[in-house]
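**Student:** This structure is in structure tokens; I'll ask about it shortly.
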Amino acid sequence: MYRGFITVVILIGTCFGVIAQSSSKNTPSASQTIRGKIIDYVSEQPVVGASITLLNSKKGTQTDADGSFSFGKMPIGRYQVQVSSVGYESQTISELLLESGKEMVLEIRLHATANQLAEAVVRAPSANLSGAVTSIQSISTEQIFRYPGTYLDPARLATAYAGVANSNDQANGMVVRGNSPNGVQWRLEGVEIVNPNHLSNAGTFSDRITQNSGGVNILSAQLLGNMSFLTGAFPAEYGNALSGVMDMRLRKGNDKEHEFTAQAGLIGIDLAAEGPIGKNGASYLVNYRYSFTGLLATMGVKFGGEDIRFQDLAFNLNFPTKKAGTFTLFGMGGLSSNVFAAVRDTSQWVVQKDGFDINYKNQMGAVGVTHSVNLGKRTLWRTALVASGLSSSRDAYILSKASFEKFPTDNDNSKKIKNSFSTSLSYKLNDNNSLKVGVFVTHQYDKLLSVSENTFKAEGHATGLVLQPYLNFHLSPLPKLSANVGLHYLNYTYNKTKSFEPRLSLSYQLSNNQSISVAYGLHSQLQPAQLYFAQSDFFDNNLANAYLGLTKSHHYVLSHQYTFKKGSYFKTELYFQKIFNVPTFSGNSAFSALNIIEEYQSANLRNLGDGENYGIEFTYQQFLTNGFYALTNATLYRAYTINDGVRRNSRYNGKHIFNLTIGKEWERSKNRMLGASVRVVWLGGYYEREIDEKISIARQNLIYKDAYDFTVKQPDYFRPDFRIYLKKSKEKYSRTLALDIQNIANYQNVSFSYYDILQNKIVRQYQLGLIPILSYRWEF
């Protein structure tokens with residue numbers, strides 16, 4: 001622990017030393033361009049004649065015939081952009097950072113309204129593309145770079161918001177309102193994709209592959225644009241998710257200037273390039289990343305005793321046309337591996353894992369094309385074709401102490417492919433009413449083989465269509481009242497399961513600065529492959545669970561928001577989630593599929609279980625104004641499983657979540673900015689199963705008192721993170737030096753307990769301690 005603090009002190013001192021040496025009062029002020037486009041939220045038609053004001057400088061302009069605006073040679077620094085137009089809701093876009101190395105290119109969507117508010121609505125740079133009025137967070141890339149402890153990963157940033165917690169420090173699994181990370185869905189360009197994360201076995205008890213999480217996102221934050229994170233009562237176009245949706249969108253490359261970014265740090269070497277293709281507004285954006293731990297591994301240096309490597313490549317090409325609309329071509333791919341090799345010296349073995357060789361490999365890729373075109377002034381037609389695939393393998397061997405001969409213990413191989421076609425029509429009936437209809441058609445292929453010491457087996461493959469048509473009608477029957485009425489349908493042809501799902505939300509403007517909203521939705525989700533293919537007999541290939549139905553949930557949300565002047569708000573949300581059709585045993589059993597992440601269950605299951613999650617969330621957020629920003633929230637919640645009328649604690653019934661993030665920036669001179677931020681997380685401990693120590697010792701194997709009942713509450717989780725950064729700008733480039741320290745107090749948080757054969761006792765496994773991450777970023 002003391003060594004960690006000494007390391008931190010040295011790194012902070014180094015940073016401040018560089019800062020002190022770099023100051024210069026006579027450097028001329030650097031400048032850059034702010035430009036963009038204002039479009040209608042529904043039709044994406046340009047808003048002509050909209051007023052644009054830079055609040056910091058009092059400069060203003062209006063959009064031209066194609067909705068464009070531009071401010072040239074603006075001094076670098078923070079800006080707030082205020083947008084107003086007759087018939088539209090006025091907006092103030094906060095937290096914008098102009099740096100000399102890159103132009104600031106904005107795309108701002110305006111909502112039509114009959115009620116012109118006196119105060120402009122303050123929003124983050126990312127637009128809410130989901131249409132949700134409750135349980136929605138807009139995430140920007142700039143926040144990912146500014147907040148501490150994110151690993152430049154949107155999923156880790158999401159845990160700074162109310163109702164969201166991390167399942168384990170080593171992974172980005174999102175526990176949303178007490179639900180398993182398996183209830184989350186990942187989307188790219190509006191279409192569901194396979195798990196887009198490296199090292200999908202990270203942070204798990206059994207070291208097996210997870211469905212929706214991993215060590216770090218495959219998409220570098222340098223490519224991400226507008227992102228929406230939804231945590232409940234989703235709008236009609238979202239299906240096949242129970243707890244949350246991370247809707248990632250790629251930003252467009254600069255269509256006028258070639259720009260480059262290079263970054264080096266503990267996450268890896270990150271290189272990006274963007275610029276115009278020809279002179280017709282087309283652009284490219286491409287990024288490549290190679291892990292720092294992989295570089296260490298090539299030199300024979302292991303990280304935590306393991307050889308961990310990953311690399312990824314992603315791109316986004318944008319081709320606008322004059323009459324045929326806009327085409328995009330995008331793709332991403334990632335390779336990752338984790339190799340643990342036992343030391344061939346038994347005197348160095350401390351825990352039972354030291355006697356194993358474990359090889360893990362992961363390959364993920366996605367490629368897609370989108371097309372959007374206006375059919376008249378009121379209709380937008382959008383189409384997407386996206387293919388994504390994921391292949392993972394894990395082999396574990398136990399070593400003989402005498403000869404180091406290897407004996408296989410676990411073998412896991414999985415493959416998932418999603419080929420999706422989606423199309424939608426958005427029609428603006430008038431200024432306040434619109435209709436959106438669409439469909440997702442996904443050809444899904446699953447293949448799984450998992451064997452563990454001949455004690456259980458999951459094996460099978462499935463091919464089927466996931467059909468999801470939907471419609472949503474947005475209307476404003478009264479000047480201060482708006483509503484969304486929708487219907488979603490889900491059909492999985494492999495096992496002929498289906499669900500009709502009504503959706504409804506209402507929002508009422510109580511005054512110029514406060515509103516109240518309610519939302520309801522019925523939601524459903526397919527089962528994880530390990531449940532469909534589980535086999536009760538090792539030598540029996542009968543897939544008794546293949547016809548499990550969808551797990552379903554009623555979502556209810558009540559929300560109130562009060563907006564203060566100068567860019568801050570206070571929001572309260574009360575939610576209730578009634579879950580049903582949960583796979584469990586028929587008869588008296590504590591097993592519930594709501595508690596699983598990567599685990600397997602070999603017994604025959606039925607959709608007989610239930611669950612309940614409810615809670616209240618309080619959020620105060622101050623957008624970055626005058627150099628200061630804050631995000632603090634508190635969540636009080638309960639999460640239960642219910643089998644045969646018996647209510648039990650869910651695995652994730654932590655009962656409380658408290659987050660505090662505060663940050664401050666100082667302009668040390670015209671071209672230098674110093675920033676620091678702190679985040680403190682306090683979570684209620686999760687539940688784990690009670691180990692029968694006497695029987696475990698007698699049988700030399702891990703034995704629980706009840707194999708499925710989570711009765712032991714772990715200690716509370718506490719973690720403070722810290723980030724300090726210095727931004728320096730020259731005429732044609734900018735640089736950022738940053739030190740990010742996760743768990744600066746080196747607090748030991750419990751991960752799980754297990755019976756260790758080598759030590760012949762119950763051992764507690766802890767999560768990550770203090771981790772300093774020094775990075776350097778260069779934009780030009």
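Chain labels follow the order of the structure tokens: the first chain is A, the next B, and so on; residue numbering restarts at 1 in every chain, and ligands are counted from 1 in their shown order.
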Determine which residues of region 211-309 of chain A DSSP labels as strand (DSSP E or B) from the backbone of this structure, then write them out as an MDAnalysis selection string.
**Tutor:** chainID A and resid 216:217 224:230 244:250 259:264 268:277 282:291 303 306:309
**Student:** Limited to N, CA and C atoms, could you put the picked residues into a file as a tab-separated table (two decimals), in the first residue's frame?
**Tutor:**
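The resulting file, out12.tsv, is reproduced below:
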chain	number	residue	atom	x	y	z
A	216	VAL	N	-12.35	-3.80	-21.35
A	216	VAL	CA	-12.41	-2.45	-21.90
A	216	VAL	C	-13.14	-2.51	-23.23
A	217	ASN	N	-13.82	-1.43	-23.60
A	217	ASN	CA	-14.57	-1.37	-24.84
A	217	ASN	C	-13.63	-1.44	-26.04
A	224	LEU	N	-16.10	7.88	-30.84
A	224	LEU	CA	-17.48	7.95	-30.38
A	224	LEU	C	-18.03	9.36	-30.48
A	225	GLY	N	-19.30	9.44	-30.84
A	225	GLY	CA	-20.00	10.71	-30.93
A	225	GLY	C	-21.13	10.75	-29.94
A	226	ASN	N	-22.36	11.02	-30.41
A	226	ASN	CA	-23.51	11.07	-29.53
A	226	ASN	C	-23.83	9.69	-28.99
A	227	MET	N	-23.96	9.59	-27.67
A	227	MET	CA	-24.28	8.31	-27.03
A	227	MET	C	-25.42	8.52	-26.04
A	228	SER	N	-26.35	7.58	-26.03
A	228	SER	CA	-27.44	7.61	-25.05
A	228	SER	C	-27.37	6.35	-24.22
A	229	PHE	N	-27.55	6.51	-22.91
A	229	PHE	CA	-27.58	5.37	-22.01
A	229	PHE	C	-28.94	5.36	-21.32
A	230	LEU	N	-29.73	4.32	-21.56
A	230	LEU	CA	-31.08	4.22	-21.04
A	230	LEU	C	-31.12	3.19	-19.92
A	244	GLY	N	-30.91	-2.09	-19.32
A	244	GLY	CA	-30.26	-0.90	-19.83
A	244	GLY	C	-29.85	-1.07	-21.28
A	245	VAL	N	-29.66	0.06	-21.96
A	245	VAL	CA	-29.21	0.07	-23.36
A	245	VAL	C	-28.11	1.11	-23.51
A	246	MET	N	-26.95	0.68	-23.98
A	246	MET	CA	-25.87	1.61	-24.33
A	246	MET	C	-25.91	1.79	-25.84
A	247	ASP	N	-26.42	2.94	-26.27
A	247	ASP	CA	-26.62	3.22	-27.70
A	247	ASP	C	-25.47	4.10	-28.18
A	248	MET	N	-24.47	3.47	-28.80
A	248	MET	CA	-23.27	4.18	-29.23
A	248	MET	C	-23.41	4.64	-30.68
A	249	ARG	N	-22.99	5.86	-30.92
A	249	ARG	CA	-22.96	6.41	-32.27
A	249	ARG	C	-21.55	6.88	-32.59
A	250	LEU	N	-21.13	6.68	-33.83
A	250	LEU	CA	-19.82	7.13	-34.27
A	250	LEU	C	-19.90	8.56	-34.77
A	259	GLU	N	-6.96	15.91	-39.80
A	259	GLU	CA	-6.56	16.03	-38.41
A	259	GLU	C	-6.10	14.68	-37.89
A	260	PHE	N	-5.19	14.72	-36.90
A	260	PHE	CA	-4.59	13.49	-36.39
A	260	PHE	C	-4.52	13.55	-34.86
A	261	THR	N	-4.59	12.39	-34.25
A	261	THR	CA	-4.47	12.27	-32.79
A	261	THR	C	-3.59	11.08	-32.46
A	262	ALA	N	-2.69	11.27	-31.52
A	262	ALA	CA	-1.86	10.18	-31.01
A	262	ALA	C	-1.91	10.24	-29.49
A	263	GLN	N	-2.12	9.08	-28.88
A	263	GLN	CA	-2.19	9.02	-27.41
A	263	GLN	C	-1.45	7.79	-26.92
A	264	ALA	N	-0.72	7.95	-25.83
A	264	ALA	CA	-0.01	6.84	-25.22
A	264	ALA	C	-0.30	6.83	-23.73
A	268	GLY	N	-3.06	1.95	-23.74
A	268	GLY	CA	-2.38	1.53	-24.95
A	268	GLY	C	-1.92	2.69	-25.80
A	269	ILE	N	-1.43	2.35	-26.99
A	269	ILE	CA	-1.06	3.32	-28.00
A	269	ILE	C	-2.27	3.51	-28.90
A	270	ASP	N	-2.75	4.75	-29.02
A	270	ASP	CA	-4.00	5.06	-29.71
A	270	ASP	C	-3.70	6.06	-30.81
A	271	LEU	N	-3.99	5.69	-32.08
A	271	LEU	CA	-3.70	6.55	-33.22
A	271	LEU	C	-4.97	6.76	-34.03
A	272	ALA	N	-5.29	8.01	-34.36
A	272	ALA	CA	-6.49	8.32	-35.12
A	272	ALA	C	-6.19	9.33	-36.21
A	273	ALA	N	-6.92	9.22	-37.32
A	273	ALA	CA	-6.80	10.17	-38.42
A	273	ALA	C	-8.18	10.42	-38.99
A	274	GLU	N	-8.42	11.65	-39.44
A	274	GLU	CA	-9.70	12.01	-40.04
A	274	GLU	C	-9.49	13.13	-41.03
A	275	GLY	N	-10.46	13.27	-41.94
A	275	GLY	CA	-10.35	14.34	-42.91
A	275	GLY	C	-11.31	14.17	-44.06
A	276	PRO	N	-11.26	15.08	-45.02
A	276	PRO	CA	-12.19	15.04	-46.15
A	276	PRO	C	-11.80	14.01	-47.19
A	277	ILE	N	-12.82	13.51	-47.90
A	277	ILE	CA	-12.62	12.66	-49.07
A	277	ILE	C	-13.19	13.42	-50.26
A	282	ALA	N	-17.70	14.55	-48.17
A	282	ALA	CA	-17.42	13.20	-47.67
A	282	ALA	C	-16.22	13.26	-46.71
A	283	SER	N	-16.17	12.30	-45.78
A	283	SER	CA	-15.09	12.31	-44.79
A	283	SER	C	-14.76	10.90	-44.34
A	284	TYR	N	-13.56	10.77	-43.76
A	284	TYR	CA	-13.12	9.50	-43.18
A	284	TYR	C	-12.71	9.72	-41.74
A	285	LEU	N	-12.80	8.68	-40.95
A	285	LEU	CA	-12.32	8.66	-39.56
A	285	LEU	C	-11.86	7.24	-39.28
A	286	VAL	N	-10.62	7.08	-38.86
A	286	VAL	CA	-10.07	5.75	-38.61
A	286	VAL	C	-9.21	5.78	-37.35
A	287	ASN	N	-9.22	4.68	-36.60
A	287	ASN	CA	-8.48	4.61	-35.34
A	287	ASN	C	-7.89	3.22	-35.15
A	288	TYR	N	-6.65	3.19	-34.67
A	288	TYR	CA	-6.00	1.91	-34.32
A	288	TYR	C	-5.44	2.03	-32.91
A	289	ARG	N	-5.55	0.93	-32.16
A	289	ARG	CA	-5.07	0.92	-30.77
A	289	ARG	C	-4.40	-0.42	-30.46
A	290	TYR	N	-3.29	-0.34	-29.76
A	290	TYR	CA	-2.59	-1.54	-29.29
A	290	TYR	C	-2.32	-1.37	-27.80
A	291	SER	N	-2.62	-2.40	-27.03
A	291	SER	CA	-2.58	-2.30	-25.58
A	291	SER	C	-1.16	-2.14	-25.05
A	303	PHE	N	1.59	-8.60	-16.57
A	303	PHE	CA	0.79	-7.65	-15.80
A	303	PHE	C	-0.08	-8.46	-14.84
A	306	GLU	N	-0.01	-12.21	-15.58
A	306	GLU	CA	-0.68	-12.72	-16.77
A	306	GLU	C	-0.19	-11.98	-18.01
A	307	ASP	N	-0.22	-12.68	-19.12
A	307	ASP	CA	0.10	-12.11	-20.43
A	307	ASP	C	-1.21	-11.61	-21.03
A	308	ILE	N	-1.45	-10.30	-20.97
A	308	ILE	CA	-2.71	-9.71	-21.43
A	308	ILE	C	-2.42	-8.85	-22.64
A	309	ARG	N	-3.14	-9.11	-23.73
A	309	ARG	CA	-2.93	-8.34	-24.96
A	309	ARG	C	-4.27	-8.03	-25.62
**Student:** I'd like the contact shell of Ile691 (chain A) - 10 Å cut-off, only C-alpha atoms, skipping same-chain residues fewer than 4 positions apart - returned as a ChimeraX atom specification.
**Tutor:** /A:695-696,702-707,712,753-755,762
**Student:** At a cut-off of 10 Å, can you tabulate as a Markdown table every residue of region 173-205 of chain A near region 354-367 of chain A together with its closest atom pair and the distance in Å to one decimal, using only C-alpha atoms and ordering rows by chain then number?
**Tutor:**
| residue | atom | partner | partner_atom | distance |
| --- | --- | --- | --- | --- |
| A:Leu188 | CA | A:Ala366 | CA | 9.1 |
| A:Ile193 | CA | A:Ala366 | CA | 7.7 |
| A:Val194 | CA | A:Met364 | CA | 8.1 |
| A:Asn195 | CA | A:Met364 | CA | 7.9 |
| A:Pro196 | CA | A:Met364 | CA | 6.9 |
| A:Asn197 | CA | A:Met364 | CA | 8.0 |
| A:His198 | CA | A:Asn362 | CA | 7.0 |
| A:Leu199 | CA | A:Asn362 | CA | 6.6 |
| A:Ser200 | CA | A:Asn362 | CA | 7.6 |
| A:Asn201 | CA | A:Tyr360 | CA | 8.3 |
**Student:** Those same residues, written as a PDB file, in the first residue's frame with all heavy atoms?
**Tutor:**
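Here's the written file part-v1.pdb:
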ATOM      1  N   LEU A 188     -24.856  -0.197 -31.842  1.00  0.00           N
ATOM      2  CA  LEU A 188     -23.947   0.612 -32.637  1.00  0.00           C
ATOM      3  C   LEU A 188     -24.715   1.157 -33.828  1.00  0.00           C
ATOM      4  O   LEU A 188     -25.319   0.384 -34.582  1.00  0.00           O
ATOM      5  CB  LEU A 188     -22.739  -0.210 -33.095  1.00  0.00           C
ATOM      6  CG  LEU A 188     -21.681   0.533 -33.921  1.00  0.00           C
ATOM      7  CD1 LEU A 188     -21.057   1.663 -33.115  1.00  0.00           C
ATOM      8  CD2 LEU A 188     -20.603  -0.426 -34.416  1.00  0.00           C
ATOM      9  N   ILE A 193     -25.728  -5.140 -31.431  1.00  0.00           N
ATOM     10  CA  ILE A 193     -24.558  -5.902 -31.859  1.00  0.00           C
ATOM     11  C   ILE A 193     -24.145  -6.861 -30.748  1.00  0.00           C
ATOM     12  O   ILE A 193     -24.663  -6.811 -29.638  1.00  0.00           O
ATOM     13  CB  ILE A 193     -23.375  -4.976 -32.225  1.00  0.00           C
ATOM     14  CG1 ILE A 193     -22.960  -4.130 -31.005  1.00  0.00           C
ATOM     15  CG2 ILE A 193     -23.721  -4.095 -33.409  1.00  0.00           C
ATOM     16  CD1 ILE A 193     -21.672  -3.336 -31.223  1.00  0.00           C
ATOM     17  N   VAL A 194     -23.193  -7.733 -31.055  1.00  0.00           N
ATOM     18  CA  VAL A 194     -22.654  -8.655 -30.057  1.00  0.00           C
ATOM     19  C   VAL A 194     -21.795  -7.862 -29.070  1.00  0.00           C
ATOM     20  O   VAL A 194     -21.524  -6.667 -29.263  1.00  0.00           O
ATOM     21  CB  VAL A 194     -21.828  -9.773 -30.725  1.00  0.00           C
ATOM     22  CG1 VAL A 194     -22.690 -10.591 -31.671  1.00  0.00           C
ATOM     23  CG2 VAL A 194     -20.624  -9.190 -31.476  1.00  0.00           C
ATOM     24  N   ASN A 195     -21.369  -8.518 -28.016  1.00  0.00           N
ATOM     25  CA  ASN A 195     -20.582  -7.884 -26.959  1.00  0.00           C
ATOM     26  C   ASN A 195     -19.336  -7.194 -27.536  1.00  0.00           C
ATOM     27  O   ASN A 195     -18.411  -7.849 -28.001  1.00  0.00           O
ATOM     28  CB  ASN A 195     -20.169  -8.955 -25.947  1.00  0.00           C
ATOM     29  CG  ASN A 195     -19.434  -8.377 -24.754  1.00  0.00           C
ATOM     30  OD1 ASN A 195     -19.305  -7.177 -24.603  1.00  0.00           O
ATOM     31  ND2 ASN A 195     -18.953  -9.253 -23.887  1.00  0.00           N
ATOM     32  N   PRO A 196     -19.271  -5.828 -27.487  1.00  0.00           N
ATOM     33  CA  PRO A 196     -18.151  -5.114 -28.118  1.00  0.00           C
ATOM     34  C   PRO A 196     -17.015  -4.811 -27.159  1.00  0.00           C
ATOM     35  O   PRO A 196     -16.498  -3.689 -27.123  1.00  0.00           O
ATOM     36  CB  PRO A 196     -18.833  -3.817 -28.581  1.00  0.00           C
ATOM     37  CG  PRO A 196     -19.818  -3.540 -27.493  1.00  0.00           C
ATOM     38  CD  PRO A 196     -20.292  -4.891 -26.986  1.00  0.00           C
ATOM     39  N   ASN A 197     -16.606  -5.807 -26.369  1.00  0.00           N
ATOM     40  CA  ASN A 197     -15.585  -5.568 -25.347  1.00  0.00           C
ATOM     41  C   ASN A 197     -14.453  -6.583 -25.453  1.00  0.00           C
ATOM     42  O   ASN A 197     -14.673  -7.763 -25.761  1.00  0.00           O
ATOM     43  CB  ASN A 197     -16.208  -5.668 -23.954  1.00  0.00           C
ATOM     44  CG  ASN A 197     -17.163  -4.532 -23.667  1.00  0.00           C
ATOM     45  OD1 ASN A 197     -16.768  -3.379 -23.569  1.00  0.00           O
ATOM     46  ND2 ASN A 197     -18.450  -4.849 -23.545  1.00  0.00           N
ATOM     47  N   HIS A 198     -13.258  -6.097 -25.199  1.00  0.00           N
ATOM     48  CA  HIS A 198     -12.108  -6.981 -25.065  1.00  0.00           C
ATOM     49  C   HIS A 198     -12.210  -7.769 -23.759  1.00  0.00           C
ATOM     50  O   HIS A 198     -12.831  -7.315 -22.787  1.00  0.00           O
ATOM     51  CB  HIS A 198     -10.810  -6.171 -25.031  1.00  0.00           C
ATOM     52  CG  HIS A 198     -10.415  -5.559 -26.339  1.00  0.00           C
ATOM     53  ND1 HIS A 198     -10.145  -6.304 -27.463  1.00  0.00           N
ATOM     54  CD2 HIS A 198     -10.233  -4.248 -26.697  1.00  0.00           C
ATOM     55  CE1 HIS A 198      -9.798  -5.493 -28.453  1.00  0.00           C
ATOM     56  NE2 HIS A 198      -9.853  -4.248 -28.015  1.00  0.00           N
ATOM     57  N   LEU A 199     -11.590  -8.959 -23.727  1.00  0.00           N
ATOM     58  CA  LEU A 199     -11.410  -9.732 -22.491  1.00  0.00           C
ATOM     59  C   LEU A 199     -12.744  -9.918 -21.763  1.00  0.00           C
ATOM     60  O   LEU A 199     -12.941  -9.478 -20.626  1.00  0.00           O
ATOM     61  CB  LEU A 199     -10.402  -9.026 -21.575  1.00  0.00           C
ATOM     62  CG  LEU A 199      -9.039  -8.723 -22.212  1.00  0.00           C
ATOM     63  CD1 LEU A 199      -8.220  -7.796 -21.339  1.00  0.00           C
ATOM     64  CD2 LEU A 199      -8.269 -10.017 -22.481  1.00  0.00           C
ATOM     65  N   SER A 200     -13.683 -10.591 -22.422  1.00  0.00           N
ATOM     66  CA  SER A 200     -15.037 -10.728 -21.884  1.00  0.00           C
ATOM     67  C   SER A 200     -15.122 -11.661 -20.684  1.00  0.00           C
ATOM     68  O   SER A 200     -16.205 -11.836 -20.118  1.00  0.00           O
ATOM     69  CB  SER A 200     -15.983 -11.233 -22.985  1.00  0.00           C
ATOM     70  OG  SER A 200     -15.574 -12.486 -23.475  1.00  0.00           O
ATOM     71  N   ASN A 201     -14.006 -12.252 -20.267  1.00  0.00           N
ATOM     72  CA  ASN A 201     -14.000 -13.074 -19.046  1.00  0.00           C
ATOM     73  C   ASN A 201     -13.476 -12.297 -17.835  1.00  0.00           C
ATOM     74  O   ASN A 201     -13.352 -12.860 -16.737  1.00  0.00           O
ATOM     75  CB  ASN A 201     -13.145 -14.325 -19.254  1.00  0.00           C
ATOM     76  CG  ASN A 201     -11.670 -13.996 -19.455  1.00  0.00           C
ATOM     77  OD1 ASN A 201     -11.337 -12.913 -19.950  1.00  0.00           O
ATOM     78  ND2 ASN A 201     -10.790 -14.906 -19.102  1.00  0.00           N
TER      79      ASN A 201
END
**Student:** From the DSSP assignment of the backbone, select every residue of region 197-409 of chain A that is alpha helix (DSSP H), and format the answer as a list in words.
**Tutor:** Phe292, Thr293, Gly294, Leu295, Leu296, Ala297 and Thr298 of chain A
**Student:** Please produce a file of the residues just selected, as an mmCIF file, in the first residue's frame, where the atoms kept are N, CA, C and O atoms.
**Tutor:**
data_model
loop_
_atom_site.group_PDB
_atom_site.id
_atom_site.type_symbol
_atom_site.label_atom_id
_atom_site.label_comp_id
_atom_site.auth_asym_id
_atom_site.auth_seq_id
_atom_site.Cartn_x
_atom_site.Cartn_y
_atom_site.Cartn_z
ATOM 1 N N PHE A 292 -1.042 -1.363 -23.986
ATOM 2 C CA PHE A 292 0.244 -1.189 -23.319
ATOM 3 C C PHE A 292 0.693 -2.499 -22.675
ATOM 4 O O PHE A 292 1.878 -2.836 -22.683
ATOM 5 N N THR A 293 -0.273 -3.248 -22.096
ATOM 6 C CA THR A 293 0.082 -4.540 -21.513
ATOM 7 C C THR A 293 0.588 -5.504 -22.577
ATOM 8 O O THR A 293 1.419 -6.370 -22.299
ATOM 9 N N GLY A 294 0.084 -5.368 -23.810
ATOM 10 C CA GLY A 294 0.589 -6.190 -24.904
ATOM 11 C C GLY A 294 2.022 -5.841 -25.248
ATOM 12 O O GLY A 294 2.835 -6.727 -25.547
ATOM 13 N N LEU A 295 2.330 -4.548 -25.210
ATOM 14 C CA LEU A 295 3.715 -4.137 -25.453
ATOM 15 C C LEU A 295 4.634 -4.697 -24.375
ATOM 16 O O LEU A 295 5.747 -5.150 -24.664
ATOM 17 N N LEU A 296 4.167 -4.667 -23.118
ATOM 18 C CA LEU A 296 4.968 -5.244 -22.039
ATOM 19 C C LEU A 296 5.166 -6.741 -22.250
ATOM 20 O O LEU A 296 6.255 -7.276 -22.006
ATOM 21 N N ALA A 297 4.092 -7.422 -22.701
ATOM 22 C CA ALA A 297 4.168 -8.871 -22.890
ATOM 23 C C ALA A 297 5.193 -9.255 -23.953
ATOM 24 O O ALA A 297 5.879 -10.274 -23.835
ATOM 25 N N THR A 298 5.301 -8.429 -25.012
ATOM 26 C CA THR A 298 6.294 -8.721 -26.048
ATOM 27 C C THR A 298 7.713 -8.612 -25.514
ATOM 28 O O THR A 298 8.642 -9.190 -26.081
#
**Student:** Would you mind telling me which residue in A:Tyr708, A:Tyr600, A:Tyr717, A:Tyr397 lies nearest to Arg651 (chain A) when using only C-alpha atoms?
**Tutor:** A:Tyr708
**Student:** Kindly assemble as a Markdown table a list of the region 300-350 of chain A residues that lie within 12 Å of region 406-420 of chain A, each paired with its nearest atom pair and their distance in Å to one decimal, using only C-alpha atoms, sorted first by chain and then by ascending residue number.
**Tutor:**
| residue | atom | partner | partner_atom | distance |
| --- | --- | --- | --- | --- |
| A:Ala341 | CA | A:Lys406 | CA | 11.3 |
| A:Ala342 | CA | A:Lys406 | CA | 10.6 |
| A:Arg344 | CA | A:Lys406 | CA | 11.6 |
**Student:** Excluding His523 (chain A) and its own-chain neighbours fewer than 3 positions away, which residues fall within 7 Å of it when counting only C-alpha atoms? Please give them as a list in words.
**Tutor:** Gly239, Ala241, Leu242, Glu501, Lys552, Ser553 and His554 of chain A
**Student:** Pick out the closest residue to Arg777 (chain A) from this set: A:Gly101, A:Ala519, A:His560, A:Val301. Count only C-alpha atoms.
**Tutor:** A:Gly101
